[in-house]
Amino acid sequence: MNRNELFRKIPGIDTLLQELKEECRIYGTGRVRDVVQNSCAAVRQLIQEGETEQAEESLKSLEKDIKLSCREFKILPVKRVINATGILLHTNLGRAPLGERQRMAVLEGIAGYSNLEFNLENGKRGSRSRHFREILSKVTGAEDGIAVNNNAAALLLVLTSLVKGKEVLVSRGELVEIGGHFRIPDVMEQSGGILREVGTTNKTRISDYEKAIGENTGAILKVHTSNYRIMGFTEEADVSELSELGEKYGIPVLADLGSGALVDFEKYGLGCEPCVRDVLNAGADVVCFSGDKLLGGPQSGIIVGKQEYIKKMEEHPLMRALRLDKMVISALSATLEAYMDEKSVSSQIPLLFMLRRSQKELKAQAQMISDFWQKKKFPGKCEVMEASGKAGGGSFPLEEIPGYAVAVSFDDEREMSCEEFKRRLRFLKVPVIAYGKEEKIWLNMRTVSEEEARLLTEELEDLFSGGCL
């Protein structure tokens, strides 16, 4: 065909849209129209450049190619990855992974309509927090509790509802940056509370708090510095001391635990982290903490404490802006239910399960991958190495978690460089996130489940057979 005949063969946009009614129904006419226009423009460009044979082939498969392009709309922007970094609460990778029980709860909650704000017992409108409120009180020992979308929001709600326009006493050593450039003084400013710094960076005594108390003092705030440690010549007032002081002057004591913990992490080989129940027992009136860190649940900010204070927060207009949706409520409820049984909680919360895995298990898993590598004669060298991991998410900043990894290196960079290997891992069907160290690419087994390790071997075969080149 000559160029003019080829131009006449290009179907009209509306004609193609008629043939693509099903795609328009699924993906939307606007999106499909864009694909059609771009596809026709590409054929037109081939004809103009004299690529007549290629243009003919493109015309023959035009409708099929458009349908294939439309299917790419199904590719979700947020996708599952294999975390081989050894960082359990990796902020960039979604922090705490959810277990099967939690995932099933989310699916049940979003399968159709739900009783999110409907009381099935009396047939009337209900509160969305009732799905987790009672169990939250049971696992923390608090009088009452609510939850919002993250811990920064939780602290904002606490301060706005309880101390707006009043002074809040905070130790200078506890004016932390929470993450993402959000700092305690900034949250305080937004809440309308007035920051009153007491003590010094390394030493703040109970007497420093008492000297600062005045007519406009609204609360004492204790911030757990979970994401860093001040070592050496230090001193701080604990919650029990602050509670006695608060009771003496009629001032509530608020505690921001940051990561938050409902179990003793020393049993999992990590250091001491204050438990929510212990802080409440020590006399804190209100405690807030994250849901997607040491709790091992979905992103949320949990607030527990005395009922009189929780009621004020629940009735505050800001609560509606910060409230949880049905998916998070479903996952959070399932997470809290898992903590009702101390014996089985580590098998239901992936974070705790990963911490409980033995060195022997991790080494065997690394060896399995290394043996597979040798058997398939993949290029480069794959070794089993000792490797340490981290809790991540601002928790246990000084703790190293021992484990094992496979370390991959390439003698001939023309064959493949370490950076190229790491890049190709990211473009697998289920992307693998590894890290570089000592001119090797490391895949830490602490954060790779048994199922993922088997999947990883399949993906490596795909990678080296050309599936991801």
# chains A, B, ... in the order shown; residues from 1 in each chain; ligands from 1
$ residues_around --residues "range 17-21 of chain A" --least-positions-apart "4" --cutoff "8 Å" --atoms "only C-alpha atoms" --output "PyMOL selection string"
chain A and resi 13+25+29+32-33+36+67
$ write_last_selection --atoms "C-alpha atoms" --output "mmCIF file, in the first residue's frame"
data_model
loop_
_atom_site.group_PDB
_atom_site.id
_atom_site.type_symbol
_atom_site.label_atom_id
_atom_site.label_comp_id
_atom_site.auth_asym_id
_atom_site.auth_seq_id
_atom_site.Cartn_x
_atom_site.Cartn_y
_atom_site.Cartn_z
ATOM 1 C CA ILE A 13 -11.566 7.522 16.890
ATOM 2 C CA ARG A 25 -17.213 0.430 30.549
ATOM 3 C CA THR A 29 -14.259 6.355 27.990
ATOM 4 C CA VAL A 32 -9.639 4.596 26.520
ATOM 5 C CA ARG A 33 -9.983 7.560 24.132
ATOM 6 C CA VAL A 36 -6.876 5.198 20.983
ATOM 7 C CA LYS A 67 -6.903 -3.587 24.386
#
$ residues_around --residues "range 285-295 of chain A" --least-positions-apart "3" --cutoff "7 Å" --atoms "only C-alpha atoms" --output "PyMOL selection string"
chain A and resi 89+95-96+150-151+154-155+252-262+280+298-306+393
$ closest_residue --among "A:Ile369, A:Ala391, A:Leu324, A:Met313" --to "Gly296 in chain A" --atoms "only C-alpha atoms"
A:Ala391
$ residues_around --residues "range 328-331 of chain A" --least-positions-apart "2" --cutoff "7 Å" --atoms "only C-alpha atoms" --output "VMD selection string"
chain A and resid 102 to 103 105 to 106 109 297 to 298 324 to 326 333 to 335
$ select_by_dssp --residues "range 90-299 of chain A" --states "strand (DSSP E)" --output "PyMOL selection string"
chain A and resi 118-119+124-125+144-148+167-171+177-179+182-183+194-198+217-223+253-258+286-290
$ write_last_selection --atoms "N, CA and C atoms" --output "compact mmCIF listing (two decimals), in the first residue's frame"
# COMPACT_ATOMS: atom_id res chain seq x y z
N PHE A 118 -23.45 1.08 62.32
CA PHE A 118 -24.80 0.55 62.54
C PHE A 118 -24.74 -0.52 63.61
N ASN A 119 -25.58 -0.35 64.63
CA ASN A 119 -25.63 -1.31 65.73
C ASN A 119 -26.61 -2.43 65.38
N LYS A 124 -30.05 0.53 65.41
CA LYS A 124 -29.90 1.98 65.33
C LYS A 124 -28.48 2.36 64.94
N ARG A 125 -28.28 3.66 64.73
CA ARG A 125 -26.95 4.15 64.38
C ARG A 125 -25.98 3.85 65.53
N ASP A 144 -10.71 3.75 78.75
CA ASP A 144 -11.35 3.98 77.45
C ASP A 144 -10.28 4.24 76.41
N GLY A 145 -10.68 4.25 75.15
CA GLY A 145 -9.71 4.50 74.09
C GLY A 145 -10.37 4.78 72.76
N ILE A 146 -9.68 5.54 71.91
CA ILE A 146 -10.13 5.82 70.55
C ILE A 146 -8.91 5.74 69.64
N ALA A 147 -9.13 5.91 68.35
CA ALA A 147 -8.01 5.87 67.40
C ALA A 147 -8.25 6.82 66.25
N VAL A 148 -7.16 7.39 65.74
CA VAL A 148 -7.21 8.29 64.58
C VAL A 148 -6.18 7.81 63.56
N GLU A 167 -0.54 26.30 78.78
CA GLU A 167 0.85 25.86 78.71
C GLU A 167 0.96 24.34 78.91
N VAL A 168 1.86 23.75 78.15
CA VAL A 168 2.17 22.32 78.29
C VAL A 168 3.64 22.20 78.62
N LEU A 169 3.95 21.56 79.74
CA LEU A 169 5.34 21.41 80.17
C LEU A 169 5.97 20.21 79.49
N VAL A 170 7.10 20.45 78.81
CA VAL A 170 7.83 19.39 78.11
C VAL A 170 9.32 19.55 78.37
N SER A 171 9.98 18.44 78.68
CA SER A 171 11.43 18.48 78.88
C SER A 171 12.14 18.86 77.58
N GLU A 177 11.89 15.20 66.83
CA GLU A 177 11.31 15.22 65.49
C GLU A 177 10.73 13.84 65.27
N ILE A 178 9.43 13.77 65.01
CA ILE A 178 8.74 12.49 64.90
C ILE A 178 9.14 11.76 63.63
N GLY A 179 9.36 12.51 62.56
CA GLY A 179 9.68 11.92 61.26
C GLY A 179 9.01 12.74 60.18
N PHE A 182 8.17 16.44 60.98
CA PHE A 182 7.15 16.82 61.95
C PHE A 182 7.77 16.79 63.34
N ARG A 183 7.71 17.92 64.01
CA ARG A 183 8.36 18.04 65.32
C ARG A 183 7.34 18.35 66.41
N ILE A 194 0.48 25.94 74.32
CA ILE A 194 1.66 26.80 74.47
C ILE A 194 2.80 25.97 75.06
N LEU A 195 3.85 25.81 74.29
CA LEU A 195 4.99 25.00 74.73
C LEU A 195 5.76 25.72 75.82
N ARG A 196 5.97 25.02 76.93
CA ARG A 196 6.82 25.55 78.02
C ARG A 196 7.93 24.54 78.26
N GLU A 197 9.12 24.87 77.80
CA GLU A 197 10.26 23.97 77.95
C GLU A 197 10.77 23.99 79.39
N VAL A 198 11.12 22.79 79.87
CA VAL A 198 11.67 22.70 81.23
C VAL A 198 12.95 21.87 81.21
N THR A 217 -0.98 26.59 83.42
CA THR A 217 -0.47 25.27 83.06
C THR A 217 -1.63 24.32 82.79
N GLY A 218 -1.65 23.74 81.59
CA GLY A 218 -2.75 22.86 81.22
C GLY A 218 -2.44 21.38 81.33
N ALA A 219 -1.16 21.02 81.17
CA ALA A 219 -0.79 19.60 81.21
C ALA A 219 0.72 19.44 81.27
N ILE A 220 1.13 18.24 81.64
CA ILE A 220 2.53 17.84 81.55
C ILE A 220 2.61 16.76 80.47
N LEU A 221 3.51 16.95 79.52
CA LEU A 221 3.66 15.98 78.43
C LEU A 221 5.00 15.26 78.54
N LYS A 222 4.93 13.93 78.61
CA LYS A 222 6.12 13.09 78.62
C LYS A 222 6.24 12.43 77.25
N VAL A 223 7.35 12.69 76.57
CA VAL A 223 7.56 12.13 75.23
C VAL A 223 8.64 11.06 75.30
N VAL A 253 -1.46 14.33 83.15
CA VAL A 253 -0.17 13.91 82.62
C VAL A 253 -0.40 13.12 81.34
N LEU A 254 0.17 13.60 80.26
CA LEU A 254 0.02 12.99 78.94
C LEU A 254 1.32 12.31 78.55
N ALA A 255 1.23 11.16 77.91
CA ALA A 255 2.43 10.43 77.49
C ALA A 255 2.34 10.06 76.02
N ASP A 256 3.33 10.51 75.26
CA ASP A 256 3.43 10.11 73.85
C ASP A 256 4.51 9.05 73.77
N LEU A 257 4.09 7.79 73.52
CA LEU A 257 5.06 6.69 73.49
C LEU A 257 5.65 6.46 72.10
N GLY A 258 5.15 7.15 71.09
CA GLY A 258 5.70 6.96 69.75
C GLY A 258 5.39 5.58 69.21
N VAL A 286 -3.39 10.05 79.98
CA VAL A 286 -3.63 9.79 78.56
C VAL A 286 -2.33 9.30 77.93
N VAL A 287 -2.42 8.26 77.12
CA VAL A 287 -1.25 7.72 76.41
C VAL A 287 -1.61 7.59 74.93
N CYS A 288 -0.71 8.04 74.07
CA CYS A 288 -0.93 7.84 72.64
C CYS A 288 0.28 7.14 72.02
N PHE A 289 0.03 6.36 70.95
CA PHE A 289 1.09 5.59 70.31
C PHE A 289 0.66 5.17 68.90
N SER A 290 1.61 4.68 68.13
CA SER A 290 1.35 4.28 66.74
C SER A 290 0.76 2.89 66.66
$ residues_around --residues "range 232-239 of chain A" --least-positions-apart "6" --cutoff "8 Å" --atoms "only C-alpha atoms" --output "PyMOL selection string"
chain A and resi 202-206+222+279+282-284
$ write_last_selection --atoms "C-alpha atoms" --output "PDB file, in the first residue's frame"
ATOM      1  CA  ASN A 202      20.411  15.916  79.082  1.00  0.00           C
ATOM      2  CA  LYS A 203      18.945  16.504  82.558  1.00  0.00           C
ATOM      3  CA  THR A 204      15.391  17.315  83.585  1.00  0.00           C
ATOM      4  CA  ARG A 205      14.394  16.731  87.190  1.00  0.00           C
ATOM      5  CA  ILE A 206      10.937  16.616  88.743  1.00  0.00           C
ATOM      6  CA  LYS A 222       6.118  13.087  78.624  1.00  0.00           C
ATOM      7  CA  VAL A 279       2.723   3.581  81.604  1.00  0.00           C
ATOM      8  CA  ALA A 282       2.363   4.376  86.522  1.00  0.00           C
ATOM      9  CA  GLY A 283      -0.309   7.096  86.516  1.00  0.00           C
ATOM     10  CA  ALA A 284      -0.451   8.614  83.028  1.00  0.00           C
TER      11      ALA A 284
END
$ atom_distance --atom1 "CA of Leu336 in chain A" --atom2 "CA of Cys275 in chain A"
14.5 Å
$ closest_residue --among "A:Glu314, A:Glu273, A:Asp14, A:Asp341" --to "Glu399 in chain A" --atoms "only C-alpha atoms"
A:Glu273
$ residues_around --residues "Ile47 in chain A" --least-positions-apart "2" --cutoff "12 Å" --atoms "only C-alpha atoms" --output "PDB file with C-alpha atoms, in the first residue's frame"
ATOM      1  CA  MET A   1       0.000   0.000   0.000  1.00  0.00           C
ATOM      2  CA  ASN A   2       1.117   3.537  -0.635  1.00  0.00           C
ATOM      3  CA  ARG A   3       1.115   6.232   2.035  1.00  0.00           C
ATOM      4  CA  ASN A   4      -2.290   7.693   1.088  1.00  0.00           C
ATOM      5  CA  GLU A   5      -3.951   4.261   1.246  1.00  0.00           C
ATOM      6  CA  LEU A   6      -2.412   3.629   4.649  1.00  0.00           C
ATOM      7  CA  PHE A   7      -3.641   6.964   5.986  1.00  0.00           C
ATOM      8  CA  ARG A   8      -7.172   6.097   4.816  1.00  0.00           C
ATOM      9  CA  LYS A   9      -6.916   2.714   6.594  1.00  0.00           C
ATOM     10  CA  ILE A  10      -6.520   4.340  10.018  1.00  0.00           C
ATOM     11  CA  CYS A  40      -3.498   6.100  15.944  1.00  0.00           C
ATOM     12  CA  ALA A  41      -0.978   8.941  16.192  1.00  0.00           C
ATOM     13  CA  ALA A  42       1.839   6.367  16.451  1.00  0.00           C
ATOM     14  CA  VAL A  43       0.671   4.645  13.231  1.00  0.00           C
ATOM     15  CA  ARG A  44       0.365   8.024  11.513  1.00  0.00           C
ATOM     16  CA  GLN A  45       3.940   8.845  12.544  1.00  0.00           C
ATOM     17  CA  GLU A  49       8.436   8.512   8.274  1.00  0.00           C
ATOM     18  CA  GLY A  50       8.055   6.060   5.394  1.00  0.00           C
ATOM     19  CA  GLU A  51       7.892   2.930   7.589  1.00  0.00           C
ATOM     20  CA  THR A  52       5.055   1.501   5.492  1.00  0.00           C
ATOM     21  CA  GLU A  53       5.587  -2.181   6.311  1.00  0.00           C
ATOM     22  CA  GLN A  54       5.658  -1.526  10.038  1.00  0.00           C
ATOM     23  CA  ALA A  55       2.621   0.714   9.680  1.00  0.00           C
ATOM     24  CA  GLU A  56       0.712  -2.066   7.919  1.00  0.00           C
ATOM     25  CA  GLU A  57       1.541  -4.508  10.722  1.00  0.00           C
ATOM     26  CA  SER A  58       0.467  -1.967  13.335  1.00  0.00           C
ATOM     27  CA  LEU A  59      -2.851  -1.426  11.544  1.00  0.00           C
TER      28      LEU A  59
END
$ residues_around --residues "range 415-418 of chain A" --least-positions-apart "6" --cutoff "12 Å" --atoms "only C-alpha atoms" --output "ChimeraX atom specification"
/A:378-382,407-409,424-425,434-442,464,469
$ residues_around --residues "Gly392 in chain A" --least-positions-apart "6" --cutoff "8 Å" --atoms "only C-alpha atoms" --output "list in words"
Ile87, Leu88, Leu89, His90 and Thr91 of chain A
$ closest_residue --among "A:Gly30, A:Gly403, A:Pro97, A:Gly123" --to "Val384 in chain A" --atoms "only C-alpha atoms"
A:Gly403
$ closest_residue --among "A:Leu93, A:Gly12, A:Glu100, A:Glu189" --to "Glu63 in chain A" --atoms "only C-alpha atoms"
A:Gly12
$ atom_distance --atom1 "CA of Leu270 in chain A" --atom2 "CA of Leu443 in chain A"
21.8 Å
$ atom_distance --atom1 "CA of Leu157 in chain A" --atom2 "CA of Met188 in chain A"
10.3 Å
$ closest_residue --among "A:Thr457, A:Thr447, A:Asn149, A:Ser388" --to "Leu352 in chain A" --atoms "only C-alpha atoms"
A:Thr447
$ decode --residues "range 270-281 of chain A" --atoms "all heavy atoms" --output "PDB file, in the first residue's frame"
ATOM      1  N   LEU A 270      15.054  -8.100  72.108  1.00  0.00           N
ATOM      2  CA  LEU A 270      15.349  -6.676  72.005  1.00  0.00           C
ATOM      3  C   LEU A 270      15.411  -6.050  73.396  1.00  0.00           C
ATOM      4  O   LEU A 270      15.148  -6.708  74.401  1.00  0.00           O
ATOM      5  CB  LEU A 270      14.275  -5.990  71.158  1.00  0.00           C
ATOM      6  CG  LEU A 270      14.269  -6.373  69.673  1.00  0.00           C
ATOM      7  CD1 LEU A 270      13.070  -5.762  68.968  1.00  0.00           C
ATOM      8  CD2 LEU A 270      15.548  -5.934  68.991  1.00  0.00           C
ATOM      9  N   GLY A 271      15.729  -4.780  73.444  1.00  0.00           N
ATOM     10  CA  GLY A 271      15.851  -4.106  74.728  1.00  0.00           C
ATOM     11  C   GLY A 271      14.513  -3.775  75.358  1.00  0.00           C
ATOM     12  O   GLY A 271      13.461  -4.225  74.907  1.00  0.00           O
ATOM     13  N   CYS A 272      14.568  -2.972  76.377  1.00  0.00           N
ATOM     14  CA  CYS A 272      13.365  -2.606  77.121  1.00  0.00           C
ATOM     15  C   CYS A 272      12.643  -1.449  76.435  1.00  0.00           C
ATOM     16  O   CYS A 272      13.253  -0.438  76.096  1.00  0.00           O
ATOM     17  CB  CYS A 272      13.744  -2.217  78.554  1.00  0.00           C
ATOM     18  SG  CYS A 272      12.324  -1.778  79.566  1.00  0.00           S
ATOM     19  N   GLU A 273      11.374  -1.618  76.198  1.00  0.00           N
ATOM     20  CA  GLU A 273      10.521  -0.575  75.625  1.00  0.00           C
ATOM     21  C   GLU A 273       9.296  -0.467  76.529  1.00  0.00           C
ATOM     22  O   GLU A 273       8.693  -1.482  76.882  1.00  0.00           O
ATOM     23  CB  GLU A 273      10.100  -0.964  74.211  1.00  0.00           C
ATOM     24  CG  GLU A 273       9.214   0.040  73.505  1.00  0.00           C
ATOM     25  CD  GLU A 273       9.955   1.257  72.983  1.00  0.00           C
ATOM     26  OE1 GLU A 273      11.202   1.266  73.020  1.00  0.00           O
ATOM     27  OE2 GLU A 273       9.288   2.206  72.534  1.00  0.00           O
ATOM     28  N   PRO A 274       8.944   0.752  76.965  1.00  0.00           N
ATOM     29  CA  PRO A 274       7.809   0.875  77.885  1.00  0.00           C
ATOM     30  C   PRO A 274       6.514   0.340  77.286  1.00  0.00           C
ATOM     31  O   PRO A 274       6.146   0.684  76.161  1.00  0.00           O
ATOM     32  CB  PRO A 274       7.715   2.389  78.132  1.00  0.00           C
ATOM     33  CG  PRO A 274       8.432   3.014  76.987  1.00  0.00           C
ATOM     34  CD  PRO A 274       9.507   2.054  76.605  1.00  0.00           C
ATOM     35  N   CYS A 275       5.844  -0.533  78.042  1.00  0.00           N
ATOM     36  CA  CYS A 275       4.554  -1.064  77.613  1.00  0.00           C
ATOM     37  C   CYS A 275       3.455  -0.060  77.936  1.00  0.00           C
ATOM     38  O   CYS A 275       3.515   0.629  78.963  1.00  0.00           O
ATOM     39  CB  CYS A 275       4.250  -2.384  78.325  1.00  0.00           C
ATOM     40  SG  CYS A 275       5.060  -3.795  77.565  1.00  0.00           S
ATOM     41  N   VAL A 276       2.454   0.004  77.094  1.00  0.00           N
ATOM     42  CA  VAL A 276       1.342   0.938  77.285  1.00  0.00           C
ATOM     43  C   VAL A 276       0.677   0.710  78.640  1.00  0.00           C
ATOM     44  O   VAL A 276       0.419   1.652  79.397  1.00  0.00           O
ATOM     45  CB  VAL A 276       0.305   0.778  76.155  1.00  0.00           C
ATOM     46  CG1 VAL A 276      -0.904   1.667  76.412  1.00  0.00           C
ATOM     47  CG2 VAL A 276       0.935   1.100  74.799  1.00  0.00           C
ATOM     48  N   ARG A 277       0.446  -0.548  78.973  1.00  0.00           N
ATOM     49  CA  ARG A 277      -0.207  -0.885  80.247  1.00  0.00           C
ATOM     50  C   ARG A 277       0.613  -0.388  81.439  1.00  0.00           C
ATOM     51  O   ARG A 277       0.059   0.157  82.405  1.00  0.00           O
ATOM     52  CB  ARG A 277      -0.410  -2.398  80.345  1.00  0.00           C
ATOM     53  CG  ARG A 277      -1.150  -2.844  81.608  1.00  0.00           C
ATOM     54  CD  ARG A 277      -1.301  -4.349  81.643  1.00  0.00           C
ATOM     55  NE  ARG A 277      -2.259  -4.835  80.657  1.00  0.00           N
ATOM     56  CZ  ARG A 277      -3.558  -4.941  80.872  1.00  0.00           C
ATOM     57  NH1 ARG A 277      -4.065  -4.608  82.062  1.00  0.00           N
ATOM     58  NH2 ARG A 277      -4.366  -5.407  79.942  1.00  0.00           N
ATOM     59  N   ASP A 278       1.930  -0.560  81.364  1.00  0.00           N
ATOM     60  CA  ASP A 278       2.806  -0.126  82.461  1.00  0.00           C
ATOM     61  C   ASP A 278       2.780   1.384  82.640  1.00  0.00           C
ATOM     62  O   ASP A 278       2.811   1.889  83.768  1.00  0.00           O
ATOM     63  CB  ASP A 278       4.249  -0.596  82.213  1.00  0.00           C
ATOM     64  CG  ASP A 278       4.387  -2.111  82.264  1.00  0.00           C
ATOM     65  OD1 ASP A 278       3.497  -2.766  82.846  1.00  0.00           O
ATOM     66  OD2 ASP A 278       5.372  -2.637  81.710  1.00  0.00           O
ATOM     67  N   VAL A 279       2.744   2.116  81.540  1.00  0.00           N
ATOM     68  CA  VAL A 279       2.723   3.581  81.604  1.00  0.00           C
ATOM     69  C   VAL A 279       1.401   4.060  82.201  1.00  0.00           C
ATOM     70  O   VAL A 279       1.373   5.003  83.000  1.00  0.00           O
ATOM     71  CB  VAL A 279       2.956   4.183  80.198  1.00  0.00           C
ATOM     72  CG1 VAL A 279       2.811   5.707  80.225  1.00  0.00           C
ATOM     73  CG2 VAL A 279       4.340   3.794  79.684  1.00  0.00           C
ATOM     74  N   LEU A 280       0.326   3.404  81.838  1.00  0.00           N
ATOM     75  CA  LEU A 280      -0.969   3.742  82.440  1.00  0.00           C
ATOM     76  C   LEU A 280      -0.989   3.414  83.922  1.00  0.00           C
ATOM     77  O   LEU A 280      -1.485   4.195  84.744  1.00  0.00           O
ATOM     78  CB  LEU A 280      -2.091   2.988  81.719  1.00  0.00           C
ATOM     79  CG  LEU A 280      -2.449   3.477  80.309  1.00  0.00           C
ATOM     80  CD1 LEU A 280      -3.333   2.463  79.606  1.00  0.00           C
ATOM     81  CD2 LEU A 280      -3.152   4.838  80.363  1.00  0.00           C
ATOM     82  N   ASN A 281      -0.426   2.262  84.275  1.00  0.00           N
ATOM     83  CA  ASN A 281      -0.371   1.857  85.690  1.00  0.00           C
ATOM     84  C   ASN A 281       0.500   2.808  86.504  1.00  0.00           C
ATOM     85  O   ASN A 281       0.298   2.966  87.707  1.00  0.00           O
ATOM     86  CB  ASN A 281       0.150   0.431  85.817  1.00  0.00           C
ATOM     87  CG  ASN A 281      -0.864  -0.602  85.353  1.00  0.00           C
ATOM     88  OD1 ASN A 281      -2.063  -0.310  85.272  1.00  0.00           O
ATOM     89  ND2 ASN A 281      -0.403  -1.797  85.042  1.00  0.00           N
TER      90      ASN A 281
END
